[in-house]
Amino acid sequence: MCHLDPDYLPKTVGTLDRFVLNPKADIDGLLLSDGTEIHTPPHLSAQLLKELAPGAKLTVYGVKTRNSDLIVAVAIDAANGKRIVDDGPSPKHEKPGKPTHKSGEHAKSMTHSGLIQRLLHGPKGNTHGALLDDGTVIRFPPHSAERLADLLVIDAPLSVRGYALTTRQGTVVDAKAMGKDTATLIDTPRPPEQHEKKPRKGPHKAHATHH
């Protein structure tokens with residue numbers, strides 16, 4: 001989205017209710033007081049924390065996704081006049097594995113339960129998380145949401161087992177198992193298998209025999 005001019009995009013004015021955390025406890029979204037959901041890329045996390053706080057007024061320039069009411073932010077104007085623009089991430093390689101916050105704190109394994117207050121979405125509009133009634137953010141990959149859709153109902157109970165990180169912005173659990181209660185937990189589905197293409201075998205060439 002860094003190629004778009006924010007001033008030519010639709011704008012949404014509102015009040016920040018809370019930040020949304022990804023499995024590494026970086027900010028990758030905002031919830032406004034009127035319920036509007038905003039997607040922000042994780043590389044803007046530090047800037048958002050510096051310029052915004054719950055209760056602050058803001059103006060979001062962005063585009064709405066086709067599959068949900070999510071708005072993907074290209075730029076955000078804070079109440080102090082500062083503009084936060086998505087210019088794309090800096091080159092950085094993240095190693096896969098257990099989620100780790102930038103402070104170096106490793107996530108702790110835990111089981112957590114609550115009622116689903118609302119569902120959370122990624123930049124393509126796919127469901128990839130849930131906000132519980134106690135403010136805990138639950139995250140899971142979109143393919144899990146498709147296969148466990150019966151669990152993801154507003155006001156329904158949800159229990160998860162996974163890795164949790166807690167910051168000043170709240171607690172996030174990277175769910176590895178989900179169920180309506182702790183007795184019915186099942187592992188979150190793995191991503192669809194991607195079959196590697198086997199190299200084509202060319203015609204067999206007979207080796208010449210030298211005498």
# chains A, B, ... in the order shown; residues from 1 in each chain; ligands from 1
$ residues_around --residues "Asp7 in chain A" --least-positions-apart "4" --cutoff "10 Å" --atoms "only C-alpha atoms" --output "ChimeraX atom specification"
/A:11,61-62,74-75
$ select_by_dssp --residues "range 11-174 of chain A" --states "strand (DSSP E)" --output "ChimeraX atom specification"
/A:11-21,27-32,37-39,57-64,71-78,83-85,108-121,127-132,137-139,157-167,170-174
$ residues_around --residues "range 128-145 of chain A" --least-positions-apart "2" --cutoff "7 Å" --atoms "only C-alpha atoms" --output "ChimeraX atom specification"
/A:21-23,114-122,126,147-149,170-175,188-189,191
$ residues_around --residues "Gly35 in chain A" --least-positions-apart "2" --cutoff "10 Å" --atoms "only C-alpha atoms" --output "list in words"
Gly14, Thr15, Leu16, Asp17, Leu30, Leu31, Leu32, Ser33, Glu37, Ile38 and Arg118 of chain A
$ residues_around --residues "Gly88 in chain A" --least-positions-apart "5" --cutoff "12 Å" --atoms "only C-alpha atoms" --output "PyMOL selection string"
chain A and resi 1-4+40-44+74-75
$ write_last_selection --atoms "C-alpha atoms" --output "compact mmCIF listing (two decimals), in the first residue's frame"
# COMPACT_ATOMS: atom_id res chain seq x y z
CA MET A 1 0.00 0.00 0.00
CA CYS A 2 3.04 2.28 0.21
CA HIS A 3 2.54 3.35 -3.43
CA LEU A 4 -0.83 5.03 -2.72
CA THR A 40 -1.80 -1.60 10.34
CA PRO A 41 1.44 -3.39 9.38
CA PRO A 42 3.70 -4.56 12.25
CA HIS A 43 6.60 -2.40 11.07
CA LEU A 44 4.61 0.69 12.13
CA VAL A 74 -2.14 3.61 4.35
CA ALA A 75 -1.65 6.60 6.65
$ closest_residue --among "A:Arg190, A:Lys24, A:Lys124, A:Arg161" --to "Ala177 in chain A" --atoms "only C-alpha atoms"
A:Arg161
$ select_by_dssp --residues "range 20-202 of chain A" --states "helix (DSSP H, G or I)" --output "PyMOL selection string"
chain A and resi 42-51+142-147+149-151+182-184
$ write_last_selection --atoms "N, CA and C atoms" --output "compact mmCIF listing (two decimals), in the first residue's frame"
# COMPACT_ATOMS: atom_id res chain seq x y z
N PRO A 42 2.88 -4.50 11.03
CA PRO A 42 3.70 -4.56 12.25
C PRO A 42 4.89 -3.61 12.26
N HIS A 43 5.43 -3.27 11.07
CA HIS A 43 6.60 -2.40 11.07
C HIS A 43 6.28 -0.96 11.49
N LEU A 44 4.99 -0.64 11.63
CA LEU A 44 4.61 0.69 12.13
C LEU A 44 4.36 0.68 13.64
N SER A 45 4.58 -0.46 14.27
CA SER A 45 4.24 -0.63 15.69
C SER A 45 4.85 0.46 16.58
N ALA A 46 6.14 0.70 16.44
CA ALA A 46 6.82 1.67 17.30
C ALA A 46 6.27 3.08 17.10
N GLN A 47 6.00 3.45 15.85
CA GLN A 47 5.47 4.79 15.58
C GLN A 47 4.07 4.96 16.15
N LEU A 48 3.25 3.91 16.02
CA LEU A 48 1.88 3.98 16.55
C LEU A 48 1.89 4.15 18.07
N LEU A 49 2.77 3.42 18.75
CA LEU A 49 2.86 3.53 20.20
C LEU A 49 3.35 4.91 20.63
N LYS A 50 4.20 5.51 19.82
CA LYS A 50 4.75 6.82 20.15
C LYS A 50 3.72 7.93 19.99
N GLU A 51 2.89 7.83 18.95
CA GLU A 51 1.99 8.93 18.61
C GLU A 51 0.55 8.74 19.06
N PRO A 142 -5.39 -17.90 9.10
CA PRO A 142 -6.70 -17.88 8.43
C PRO A 142 -7.24 -19.26 8.06
N HIS A 143 -6.36 -20.20 7.67
CA HIS A 143 -6.88 -21.52 7.28
C HIS A 143 -7.50 -22.24 8.47
N SER A 144 -7.06 -21.92 9.70
CA SER A 144 -7.67 -22.51 10.89
C SER A 144 -9.09 -21.98 11.08
N ALA A 145 -9.29 -20.70 10.79
CA ALA A 145 -10.62 -20.10 10.93
C ALA A 145 -11.61 -20.76 9.98
N GLU A 146 -11.16 -21.09 8.79
CA GLU A 146 -12.04 -21.71 7.80
C GLU A 146 -12.48 -23.09 8.27
N ARG A 147 -11.58 -23.83 8.90
CA ARG A 147 -11.89 -25.21 9.29
C ARG A 147 -12.55 -25.31 10.67
N ALA A 149 -14.74 -22.89 11.86
CA ALA A 149 -15.71 -21.79 11.83
C ALA A 149 -16.82 -21.95 12.86
N ASP A 150 -17.18 -23.18 13.20
CA ASP A 150 -18.26 -23.41 14.17
C ASP A 150 -17.92 -22.87 15.56
N LEU A 151 -16.62 -22.76 15.85
CA LEU A 151 -16.21 -22.25 17.16
C LEU A 151 -16.21 -20.72 17.21
N THR A 182 -11.93 -26.43 27.68
CA THR A 182 -10.63 -27.10 27.75
C THR A 182 -10.71 -28.60 27.50
N ALA A 183 -11.91 -29.18 27.66
CA ALA A 183 -12.06 -30.62 27.45
C ALA A 183 -12.20 -30.98 25.98
N THR A 184 -12.46 -29.98 25.13
CA THR A 184 -12.69 -30.26 23.71
C THR A 184 -11.63 -29.63 22.81
$ atom_distance --atom1 "CA of Leu58 in chain A" --atom2 "CA of Asp77 in chain A"
5.7 Å
$ atom_distance --atom1 "CA of Val63 in chain A" --atom2 "CA of Thr12 in chain A"
9.9 Å
$ atom_distance --atom1 "CA of Pro157 in chain A" --atom2 "CA of Lys180 in chain A"
5.5 Å
$ closest_residue --among "A:Lys64, A:His112, A:Lys176, A:Lys57" --to "Pro10 in chain A" --atoms "only C-alpha atoms"
A:Lys64
